[in-house]
$ cat final.pdb   # PDB, C-alpha atoms and all ligand atoms
ATOM      1  CA  MET A  59       0.825  21.215  10.018  1.00  0.00           C
ATOM      2  CA  GLU A  60       4.016  23.011   9.119  1.00  0.00           C
ATOM      3  CA  LYS A  61       4.039  25.453   6.222  1.00  0.00           C
ATOM      4  CA  LYS A  62       7.701  25.342   5.323  1.00  0.00           C
ATOM      5  CA  THR A  63       8.037  23.500   2.039  1.00  0.00           C
ATOM      6  CA  ARG A  64       4.335  23.512   1.054  1.00  0.00           C
ATOM      7  CA  VAL A  65       4.720  19.989  -0.276  1.00  0.00           C
ATOM      8  CA  ILE A  66       2.441  17.191   0.939  1.00  0.00           C
ATOM      9  CA  LEU A  67       3.634  13.695   0.109  1.00  0.00           C
ATOM     10  CA  ALA A  68       0.918  11.397  -1.277  1.00  0.00           C
ATOM     11  CA  LEU A  69       2.321   8.122  -0.012  1.00  0.00           C
ATOM     12  CA  ASP A  70       0.480   5.741  -2.328  1.00  0.00           C
ATOM     13  CA  VAL A  71       2.917   2.852  -2.089  1.00  0.00           C
ATOM     14  CA  THR A  72       1.680  -0.565  -1.017  1.00  0.00           C
ATOM     15  CA  SER A  73       4.213  -1.881   1.444  1.00  0.00           C
ATOM     16  CA  ARG A  74       5.551  -0.728   4.799  1.00  0.00           C
ATOM     17  CA  GLU A  75       9.115  -1.081   3.501  1.00  0.00           C
ATOM     18  CA  ASP A  76       8.478   1.279   0.586  1.00  0.00           C
ATOM     19  CA  ALA A  77       6.633   3.704   2.852  1.00  0.00           C
ATOM     20  CA  LEU A  78       9.553   3.859   5.288  1.00  0.00           C
ATOM     21  CA  ARG A  79      12.099   4.124   2.468  1.00  0.00           C
ATOM     22  CA  VAL A  80      10.312   7.029   0.768  1.00  0.00           C
ATOM     23  CA  VAL A  81       9.491   8.887   3.965  1.00  0.00           C
ATOM     24  CA  GLY A  82      13.018   8.418   5.244  1.00  0.00           C
ATOM     25  CA  ALA A  83      14.357   9.972   2.041  1.00  0.00           C
ATOM     26  CA  VAL A  84      11.998  12.952   1.785  1.00  0.00           C
ATOM     27  CA  LYS A  85      10.883  13.832   5.306  1.00  0.00           C
ATOM     28  CA  ASP A  86      12.910  17.048   5.325  1.00  0.00           C
ATOM     29  CA  TYR A  87      11.252  18.191   2.099  1.00  0.00           C
ATOM     30  CA  VAL A  88       7.589  17.714   2.988  1.00  0.00           C
ATOM     31  CA  ASP A  89       5.239  19.340   5.480  1.00  0.00           C
ATOM     32  CA  ALA A  90       2.795  16.430   5.776  1.00  0.00           C
ATOM     33  CA  ILE A  91       2.086  12.914   4.598  1.00  0.00           C
ATOM     34  CA  LYS A  92      -1.220  12.072   2.917  1.00  0.00           C
ATOM     35  CA  LEU A  93      -2.299   8.457   3.328  1.00  0.00           C
ATOM     36  CA  ASN A  94      -4.866   6.942   1.021  1.00  0.00           C
ATOM     37  CA  TRP A  95      -6.563   3.553   0.838  1.00  0.00           C
ATOM     38  CA  PRO A  96      -3.814   1.667  -1.058  1.00  0.00           C
ATOM     39  CA  LEU A  97      -1.274   1.877   1.767  1.00  0.00           C
ATOM     40  CA  ILE A  98      -3.814   1.642   4.581  1.00  0.00           C
ATOM     41  CA  LEU A  99      -5.368  -1.487   3.058  1.00  0.00           C
ATOM     42  CA  ALA A 100      -2.018  -3.052   2.236  1.00  0.00           C
ATOM     43  CA  VAL A 101      -0.395  -2.511   5.607  1.00  0.00           C
ATOM     44  CA  GLY A 102      -3.257  -1.886   8.010  1.00  0.00           C
ATOM     45  CA  PRO A 103      -4.536   1.238   9.765  1.00  0.00           C
ATOM     46  CA  GLU A 104      -1.674   1.279  12.282  1.00  0.00           C
ATOM     47  CA  ILE A 105       0.410   2.761   9.457  1.00  0.00           C
ATOM     48  CA  ILE A 106      -1.395   6.028  10.276  1.00  0.00           C
ATOM     49  CA  ARG A 107       0.202   6.079  13.727  1.00  0.00           C
ATOM     50  CA  GLU A 108       3.592   5.012  12.430  1.00  0.00           C
ATOM     51  CA  MET A 109       3.667   7.741   9.771  1.00  0.00           C
ATOM     52  CA  SER A 110       2.446  10.350  12.266  1.00  0.00           C
ATOM     53  CA  GLY A 111       5.774   9.834  14.027  1.00  0.00           C
ATOM     54  CA  PHE A 112       7.462  11.488  11.043  1.00  0.00           C
ATOM     55  CA  LYS A 113       5.048  14.220   9.990  1.00  0.00           C
ATOM     56  CA  ASP A 114       1.438  15.294  10.337  1.00  0.00           C
ATOM     57  CA  VAL A 115      -0.770  12.767   8.592  1.00  0.00           C
ATOM     58  CA  ILE A 116      -3.755  13.692   6.441  1.00  0.00           C
ATOM     59  CA  CYS A 117      -6.014  10.674   6.108  1.00  0.00           C
ATOM     60  CA  ASP A 118      -7.405  10.771   2.591  1.00  0.00           C
ATOM     61  CA  LEU A 119     -10.239   8.292   2.934  1.00  0.00           C
ATOM     62  CA  LYS A 120     -12.485  10.447   0.699  1.00  0.00           C
ATOM     63  CA  ILE A 121     -15.173   9.930   3.303  1.00  0.00           C
ATOM     64  CA  ALA A 122     -18.606   9.902   1.651  1.00  0.00           C
ATOM     65  CA  ASP A 123     -21.330   8.373   3.793  1.00  0.00           C
ATOM     66  CA  ILE A 124     -24.217   9.254   6.075  1.00  0.00           C
ATOM     67  CA  PRO A 125     -23.317  11.456   9.044  1.00  0.00           C
ATOM     68  CA  ASN A 126     -23.133   8.618  11.583  1.00  0.00           C
ATOM     69  CA  ILE A 127     -20.706   6.583   9.506  1.00  0.00           C
ATOM     70  CA  ASN A 128     -18.656   9.657   8.607  1.00  0.00           C
ATOM     71  CA  ARG A 129     -18.278  10.395  12.305  1.00  0.00           C
ATOM     72  CA  LEU A 130     -17.209   6.821  13.086  1.00  0.00           C
ATOM     73  CA  ILE A 131     -14.634   6.812  10.267  1.00  0.00           C
ATOM     74  CA  VAL A 132     -13.139  10.130  11.365  1.00  0.00           C
ATOM     75  CA  GLU A 133     -12.959   8.974  14.990  1.00  0.00           C
ATOM     76  CA  GLN A 134     -11.029   5.866  13.917  1.00  0.00           C
ATOM     77  CA  ALA A 135      -8.580   7.917  11.839  1.00  0.00           C
ATOM     78  CA  VAL A 136      -8.042  10.560  14.526  1.00  0.00           C
ATOM     79  CA  SER A 137      -7.599   7.955  17.279  1.00  0.00           C
ATOM     80  CA  ARG A 138      -4.716   6.501  15.237  1.00  0.00           C
ATOM     81  CA  GLY A 139      -2.941   9.817  14.949  1.00  0.00           C
ATOM     82  CA  ALA A 140      -4.408  11.530  11.871  1.00  0.00           C
ATOM     83  CA  SER A 141      -4.075  15.307  12.096  1.00  0.00           C
ATOM     84  CA  ALA A 142      -6.669  15.901   9.386  1.00  0.00           C
ATOM     85  CA  VAL A 143      -9.015  14.022   7.068  1.00  0.00           C
ATOM     86  CA  ILE A 144     -10.356  14.453   3.551  1.00  0.00           C
ATOM     87  CA  CYS A 145     -14.051  14.003   2.834  1.00  0.00           C
ATOM     88  CA  HIS A 146     -16.343  14.392  -0.134  1.00  0.00           C
ATOM     89  CA  GLY A 147     -18.892  17.188  -0.080  1.00  0.00           C
ATOM     90  CA  PHE A 148     -21.513  15.762  -2.423  1.00  0.00           C
ATOM     91  CA  THR A 149     -23.020  13.774   0.451  1.00  0.00           C
ATOM     92  CA  GLY A 150     -24.453  17.023   1.776  1.00  0.00           C
ATOM     93  CA  GLU A 151     -24.090  19.479   4.603  1.00  0.00           C
ATOM     94  CA  ASP A 152     -25.015  17.108   7.442  1.00  0.00           C
ATOM     95  CA  SER A 153     -22.435  14.522   6.384  1.00  0.00           C
ATOM     96  CA  VAL A 154     -19.655  17.076   5.999  1.00  0.00           C
ATOM     97  CA  ARG A 155     -20.591  18.702   9.294  1.00  0.00           C
ATOM     98  CA  ALA A 156     -20.289  15.302  11.006  1.00  0.00           C
ATOM     99  CA  CYS A 157     -16.690  15.063   9.763  1.00  0.00           C
ATOM    100  CA  VAL A 158     -15.909  18.615  10.846  1.00  0.00           C
ATOM    101  CA  GLU A 159     -17.272  17.991  14.339  1.00  0.00           C
ATOM    102  CA  ALA A 160     -15.482  14.659  14.771  1.00  0.00           C
ATOM    103  CA  ALA A 161     -12.160  16.078  13.473  1.00  0.00           C
ATOM    104  CA  LYS A 162     -12.513  19.350  15.390  1.00  0.00           C
ATOM    105  CA  GLY A 163     -12.415  21.308  12.156  1.00  0.00           C
ATOM    106  CA  GLN A 164      -9.423  19.515  10.612  1.00  0.00           C
ATOM    107  CA  VAL A 165     -11.212  18.579   7.397  1.00  0.00           C
ATOM    108  CA  PHE A 166     -10.453  19.200   3.747  1.00  0.00           C
ATOM    109  CA  VAL A 167     -13.417  18.904   1.387  1.00  0.00           C
ATOM    110  CA  VAL A 168     -12.892  17.650  -2.161  1.00  0.00           C
ATOM    111  CA  THR A 169     -14.163  20.135  -4.749  1.00  0.00           C
ATOM    112  CA  GLU A 170     -13.298  19.715  -8.439  1.00  0.00           C
ATOM    113  CA  MET A 171     -11.182  16.612  -8.902  1.00  0.00           C
ATOM    114  CA  SER A 172      -7.905  16.828 -10.783  1.00  0.00           C
ATOM    115  CA  HIS A 173      -8.264  13.967 -13.259  1.00  0.00           C
ATOM    116  CA  PRO A 174     -10.100  14.350 -16.626  1.00  0.00           C
ATOM    117  CA  GLY A 175     -13.231  12.733 -15.207  1.00  0.00           C
ATOM    118  CA  GLY A 176     -13.286  15.423 -12.551  1.00  0.00           C
ATOM    119  CA  LYS A 177     -14.737  17.741 -15.161  1.00  0.00           C
ATOM    120  CA  GLN A 178     -17.721  15.480 -15.657  1.00  0.00           C
ATOM    121  CA  TYR A 179     -19.526  15.572 -12.318  1.00  0.00           C
ATOM    122  CA  THR A 180     -17.414  17.441  -9.782  1.00  0.00           C
ATOM    123  CA  ALA A 181     -16.601  20.560 -11.842  1.00  0.00           C
ATOM    124  CA  PRO A 182     -20.217  21.704 -12.271  1.00  0.00           C
ATOM    125  CA  VAL A 183     -20.805  21.681  -8.504  1.00  0.00           C
ATOM    126  CA  ALA A 184     -17.313  22.605  -7.298  1.00  0.00           C
ATOM    127  CA  ASP A 185     -18.201  26.192  -6.397  1.00  0.00           C
ATOM    128  CA  ARG A 186     -21.052  24.971  -4.215  1.00  0.00           C
ATOM    129  CA  LEU A 187     -18.835  22.356  -2.578  1.00  0.00           C
ATOM    130  CA  ALA A 188     -16.284  25.062  -1.775  1.00  0.00           C
ATOM    131  CA  ALA A 189     -19.014  27.276  -0.297  1.00  0.00           C
ATOM    132  CA  LEU A 190     -20.176  24.321   1.785  1.00  0.00           C
ATOM    133  CA  ALA A 191     -16.648  23.779   3.123  1.00  0.00           C
ATOM    134  CA  LYS A 192     -16.545  27.405   4.157  1.00  0.00           C
ATOM    135  CA  SER A 193     -19.978  27.443   5.762  1.00  0.00           C
ATOM    136  CA  VAL A 194     -19.463  24.329   7.904  1.00  0.00           C
ATOM    137  CA  GLY A 195     -16.079  25.457   9.228  1.00  0.00           C
ATOM    138  CA  ALA A 196     -13.801  23.030   7.409  1.00  0.00           C
ATOM    139  CA  ARG A 197     -10.076  23.725   7.370  1.00  0.00           C
ATOM    140  CA  GLY A 198      -9.901  23.813   3.616  1.00  0.00           C
ATOM    141  CA  ILE A 199     -10.543  22.266   0.255  1.00  0.00           C
ATOM    142  CA  VAL A 200      -8.840  19.999  -2.259  1.00  0.00           C
ATOM    143  CA  ALA A 201      -8.572  21.751  -5.655  1.00  0.00           C
ATOM    144  CA  PRO A 202      -6.914  20.714  -8.928  1.00  0.00           C
ATOM    145  CA  ALA A 203      -3.343  21.682  -9.838  1.00  0.00           C
ATOM    146  CA  THR A 204      -4.234  20.478 -13.324  1.00  0.00           C
ATOM    147  CA  ARG A 205      -6.559  23.502 -13.679  1.00  0.00           C
ATOM    148  CA  PRO A 206      -4.912  26.447 -11.893  1.00  0.00           C
ATOM    149  CA  GLU A 207      -7.635  28.804 -13.103  1.00  0.00           C
ATOM    150  CA  ARG A 208     -10.073  26.801 -10.990  1.00  0.00           C
ATOM    151  CA  ILE A 209      -7.853  27.302  -7.938  1.00  0.00           C
ATOM    152  CA  VAL A 210      -8.104  31.048  -8.544  1.00  0.00           C
ATOM    153  CA  ALA A 211     -11.902  30.868  -8.759  1.00  0.00           C
ATOM    154  CA  LEU A 212     -12.312  28.595  -5.736  1.00  0.00           C
ATOM    155  CA  ARG A 213     -10.006  30.785  -3.636  1.00  0.00           C
ATOM    156  CA  LYS A 214     -12.486  33.659  -4.067  1.00  0.00           C
ATOM    157  CA  ILE A 215     -15.249  31.520  -2.605  1.00  0.00           C
ATOM    158  CA  ILE A 216     -13.395  30.164   0.428  1.00  0.00           C
ATOM    159  CA  ASP A 217     -11.467  33.303   1.333  1.00  0.00           C
ATOM    160  CA  ASN A 218      -8.838  32.311   3.928  1.00  0.00           C
ATOM    161  CA  LEU A 219      -9.492  28.574   4.086  1.00  0.00           C
ATOM    162  CA  GLU A 220      -6.572  26.430   2.971  1.00  0.00           C
ATOM    163  CA  ILE A 221      -6.195  24.870  -0.460  1.00  0.00           C
ATOM    164  CA  ILE A 222      -4.292  21.615  -0.879  1.00  0.00           C
ATOM    165  CA  SER A 223      -3.744  20.817  -4.513  1.00  0.00           C
ATOM    166  CA  PRO A 224      -3.101  17.447  -6.188  1.00  0.00           C
ATOM    167  CA  GLY A 225      -2.345  16.789  -9.830  1.00  0.00           C
ATOM    168  CA  VAL A 226       1.269  17.981  -9.959  1.00  0.00           C
ATOM    169  CA  GLY A 227       3.671  15.993 -12.108  1.00  0.00           C
ATOM    170  CA  ALA A 228       2.179  12.661 -13.147  1.00  0.00           C
ATOM    171  CA  GLN A 229      -1.219  14.260 -13.878  1.00  0.00           C
ATOM    172  CA  GLY A 230       0.321  17.158 -15.779  1.00  0.00           C
ATOM    173  CA  GLY A 231       0.024  20.079 -13.344  1.00  0.00           C
ATOM    174  CA  LYS A 232       2.931  22.313 -12.363  1.00  0.00           C
ATOM    175  CA  ALA A 233       3.801  23.018  -8.727  1.00  0.00           C
ATOM    176  CA  SER A 234       4.598  26.691  -9.312  1.00  0.00           C
ATOM    177  CA  ASP A 235       1.371  27.275 -11.269  1.00  0.00           C
ATOM    178  CA  ALA A 236      -0.743  25.816  -8.465  1.00  0.00           C
ATOM    179  CA  ILE A 237       0.956  27.874  -5.750  1.00  0.00           C
ATOM    180  CA  ARG A 238       0.798  31.031  -7.861  1.00  0.00           C
ATOM    181  CA  ALA A 239      -2.908  30.418  -8.411  1.00  0.00           C
ATOM    182  CA  GLY A 240      -3.482  30.388  -4.668  1.00  0.00           C
ATOM    183  CA  ALA A 241      -2.821  26.883  -3.371  1.00  0.00           C
ATOM    184  CA  ASP A 242      -1.273  26.709   0.096  1.00  0.00           C
ATOM    185  CA  TYR A 243       0.210  23.268  -0.486  1.00  0.00           C
ATOM    186  CA  ILE A 244       0.770  20.958  -3.424  1.00  0.00           C
ATOM    187  CA  ILE A 245       0.097  17.225  -3.049  1.00  0.00           C
ATOM    188  CA  VAL A 246       2.571  15.026  -4.916  1.00  0.00           C
ATOM    189  CA  GLY A 247       2.697  11.251  -5.180  1.00  0.00           C
ATOM    190  CA  ARG A 248       4.197   9.403  -8.141  1.00  0.00           C
ATOM    191  CA  THR A 249       6.685  12.116  -9.104  1.00  0.00           C
ATOM    192  CA  ILE A 250       8.326  11.513  -5.735  1.00  0.00           C
ATOM    193  CA  TYR A 251       7.745   7.888  -4.785  1.00  0.00           C
ATOM    194  CA  GLU A 252       8.294   6.427  -8.274  1.00  0.00           C
ATOM    195  CA  SER A 253      11.520   8.359  -8.722  1.00  0.00           C
ATOM    196  CA  THR A 254      14.791   6.453  -8.465  1.00  0.00           C
ATOM    197  CA  ASP A 255      15.901   9.359  -6.262  1.00  0.00           C
ATOM    198  CA  PRO A 256      12.860  10.523  -4.231  1.00  0.00           C
ATOM    199  CA  ALA A 257      14.875  13.039  -2.203  1.00  0.00           C
ATOM    200  CA  THR A 258      16.076  14.876  -5.309  1.00  0.00           C
ATOM    201  CA  ALA A 259      12.600  14.765  -6.852  1.00  0.00           C
ATOM    202  CA  ALA A 260      11.116  16.285  -3.688  1.00  0.00           C
ATOM    203  CA  ARG A 261      13.855  18.899  -3.355  1.00  0.00           C
ATOM    204  CA  LYS A 262      13.260  20.041  -6.952  1.00  0.00           C
ATOM    205  CA  LEU A 263       9.592  20.603  -6.135  1.00  0.00           C
ATOM    206  CA  VAL A 264      10.490  22.521  -2.984  1.00  0.00           C
ATOM    207  CA  ASP A 265      12.845  24.728  -5.009  1.00  0.00           C
ATOM    208  CA  GLU A 266      10.174  25.339  -7.653  1.00  0.00           C
ATOM    209  CA  VAL A 267       7.669  26.349  -4.968  1.00  0.00           C
ATOM    210  CA  LYS A 268      10.200  28.636  -3.246  1.00  0.00           C
ATOM    211  CA  GLU A 269      10.632  30.607  -6.428  1.00  0.00           C
ATOM    212  CA  VAL A 270       7.024  31.737  -6.394  1.00  0.00           C
ATOM    213  CA  VAL A 271       6.262  32.310  -2.693  1.00  0.00           C
TER     214      VAL A 271
HETATM  215  P1  LIG B 301      -0.120  11.578  -7.977  1.00  0.00           P
HETATM  216  O1  LIG B 301       0.784  12.779  -7.644  1.00  0.00           O
HETATM  217  O2  LIG B 301       0.625  10.295  -8.013  1.00  0.00           O
HETATM  218  O3  LIG B 301      -0.960  11.811  -9.187  1.00  0.00           O
HETATM  219  O4  LIG B 301      -1.139  11.390  -6.735  1.00  0.00           O
HETATM  220  C1  LIG B 301      -2.142  12.314  -6.457  1.00  0.00           C
HETATM  221  C2  LIG B 301      -2.744  12.062  -5.089  1.00  0.00           C
HETATM  222  O5  LIG B 301      -3.738  13.063  -4.846  1.00  0.00           O
HETATM  223  C3  LIG B 301      -3.442  10.722  -4.937  1.00  0.00           C
HETATM  224  O6  LIG B 301      -3.239  10.278  -3.608  1.00  0.00           O
HETATM  225  C4  LIG B 301      -4.915  11.034  -5.151  1.00  0.00           C
HETATM  226  O7  LIG B 301      -5.775  10.233  -4.393  1.00  0.00           O
HETATM  227  C5  LIG B 301      -5.019  12.473  -4.663  1.00  0.00           C
HETATM  228  N1  LIG B 301      -6.063  13.269  -5.350  1.00  0.00           N
HETATM  229  C6  LIG B 301      -5.985  13.533  -6.715  1.00  0.00           C
HETATM  230  O8  LIG B 301      -5.061  13.109  -7.397  1.00  0.00           O
HETATM  231  N2  LIG B 301      -6.975  14.306  -7.287  1.00  0.00           N
HETATM  232  C7  LIG B 301      -8.034  14.793  -6.586  1.00  0.00           C
HETATM  233  O9  LIG B 301      -8.864  15.476  -7.159  1.00  0.00           O
HETATM  234  C8  LIG B 301      -8.108  14.515  -5.221  1.00  0.00           C
HETATM  235  C9  LIG B 301      -7.113  13.752  -4.608  1.00  0.00           C
HETATM  236  O10 LIG B 301      -7.156  13.507  -3.318  1.00  0.00           O
END

$ encode --input "final.pdb" --output "structure tokens"
Amino acid sequence: MEKKTRVILALDVTSREDALRVVGAVKDYVDAIKLNWPLILAVGPEIIREMSGFKDVICDLKIADIPNINRLIVEQAVSRGASAVICHGFTGEDSVRACVEAAKGQVFVVTEMSHPGGKQYTAPVADRLAALAKSVGARGIVAPATRPERIVALRKIIDNLEIISPGVGAQGGKASDAIRAGADYIIVGRTIYESTDPATAARKLVDEVKEVV
């Protein structure tokens, strides 16, 4: 995955036409495309391969099952061109390890989630989830741009693992705050794909990030 703009596009649109329109407009401003269930369910899993022709694809299936099923899910995503996957950590070490093995390390583990409800159940165990990501050899963690102070704290636990950080824009977080706190990349969806001018919206984020790196 490139580390040029430090922006990951969360492509949560629900048609192939919208996906191609948005990616066509912003591909020079993003380092990777994150695909989640809405687009994959709407269009079909072959969208993973199609989008991987533009940029590295992170498959955000929030994988959260027993090790055997986790492995099967990751194999399906990787065989369609995913460069990395996102899994939950609360399923335990064996389940996360199954993802890491199947994705050859290219796994990001969700820690504290960015939305208000993320404080309820994920926040109290986020430090342990980050430590788990580190101990099983994951590539990195997902940590909230809505709470930059948590990025700072989680960074201390994972050392040099990568942090990808959602919650910028529509959820209230600021790109520059997240990067300054220690995120390697910001993840941005609605602020870009709901804009009437996605390219300008993405370029503004890139400029904001550049000012702090
Ligand atoms: P948006 O910028 O539109 O709020 O989208 C955020 C994206 O990041 C969504 O794809 C969502 O699934 C993801 N995400 C999140 O918002 N918070 C988390 O804690 C973890 C996520 O993966």

$ axis_aligned_box --input "final.pdb" --around "ligand LIG 301 (chain B)" --padding-each-side "3 Å" --output "JSON"
{"center_x": -4.0, "center_y": 12.9, "center_z": -6.3, "size_x": 15.6, "size_y": 11.2, "size_z": 11.9}

$ resolve_selection --input "final.pdb" --expression "the PyMOL selection byres (((chain A and resi 101) around 12) and not hetatm)" --output "list in words"
Asp70, Val71, Thr72, Ser73, Arg74, Glu75, Asp76, Ala77, Leu78, Leu93, Asn94, Trp95, Pro96, Leu97, Ile98, Leu99, Ala100, Gly102, Pro103, Glu104, Ile105, Ile106, Arg107, Glu108 and Met109 of chain A

$ residues_around --input "final.pdb" --residues "region 84-88 of chain A" --least-positions-apart "6" --cutoff "10 Å" --atoms "all atoms listed in the file" --output "list of chain:residue names"
A:Glu60, A:Lys61, A:Lys62, A:Thr63, A:Arg64, A:Val65, A:Ile66, A:Leu67, A:Phe112, A:Lys113, A:Asp114, A:Tyr243, A:Ile244, A:Ile245, A:Val246, A:Ile250, A:Tyr251, A:Asp255, A:Pro256, A:Ala257, A:Thr258, A:Ala259, A:Ala260, A:Arg261, A:Lys262, A:Leu263, A:Val264, A:Asp265

$ residues_around --input "final.pdb" --residues "Lys120 (chain A)" --least-positions-apart "6" --cutoff "7 Å" --atoms "all atoms listed in the file" --output "JSON, numbers by chain"
{"A": [144, 145, 146]}

$ residues_near_ligand --input "final.pdb" --ligand "ligand LIG 301 (chain B)" --cutoff "7 Å" --atoms "only C-alpha atoms and all ligand atoms" --output "MDAnalysis selection string"
chainID A and resid 68:70 94 118 168 170:173 176 200:202 224:229 245:249

$ resolve_selection --input "final.pdb" --expression "the PyMOL selection byres (((chain A and resi 149) around 12) and not hetatm)" --output "PyMOL selection string"
chain A and resi 120-125+127-128+145-148+150-157+167-168+187+190

$ closest_residue --input "final.pdb" --among "A:Ile209, A:Ile216, A:Leu119, A:Ala203" --to "Ala233 (chain A)" --atoms "all atoms listed in the file"
A:Ala203

$ resolve_selection --input "final.pdb" --expression "the PyMOL selection byres (((chain A and resi 208) around 12) and not hetatm)" --output "ChimeraX atom specification"
/A:169-172,176-177,180-182,184-185,188,200-207,209-215,221,223,235-236,239-241

$ residues_around --input "final.pdb" --residues "Glu133 (chain A)" --least-positions-apart "4" --cutoff "7 Å" --atoms "all atoms listed in the file" --output "list in words"
Arg129, Ser137 and Ala160 of chain A

$ write_last_selection --input "final.pdb" --atoms "C-alpha atoms" --output "PDB file, in the frame of the given file"
ATOM      1  CA  ARG A 129     -18.278  10.395  12.305  1.00  0.00           C
ATOM      2  CA  SER A 137      -7.599   7.955  17.279  1.00  0.00           C
ATOM      3  CA  ALA A 160     -15.482  14.659  14.771  1.00  0.00           C
TER       4      ALA A 160
END

$ atom_distance --input "final.pdb" --atom1 "CA of Ile91 (chain A)" --atom2 "CA of Gly139 (chain A)"
11.9 Å

$ atom_distance --input "final.pdb" --atom1 "CA of Val165 (chain A)" --atom2 "CA of Glu252 (chain A)"
27.8 Å

$ atom_distance --input "final.pdb" --atom1 "CA of Val271 (chain A)" --atom2 "CA of Gly163 (chain A)"
26.3 Å

$ closest_residue --input "final.pdb" --among "A:Ser110, A:Gln178, A:Gln164, A:Ser253" --to "Ala196 (chain A)" --atoms "all atoms listed in the file"
A:Gln164
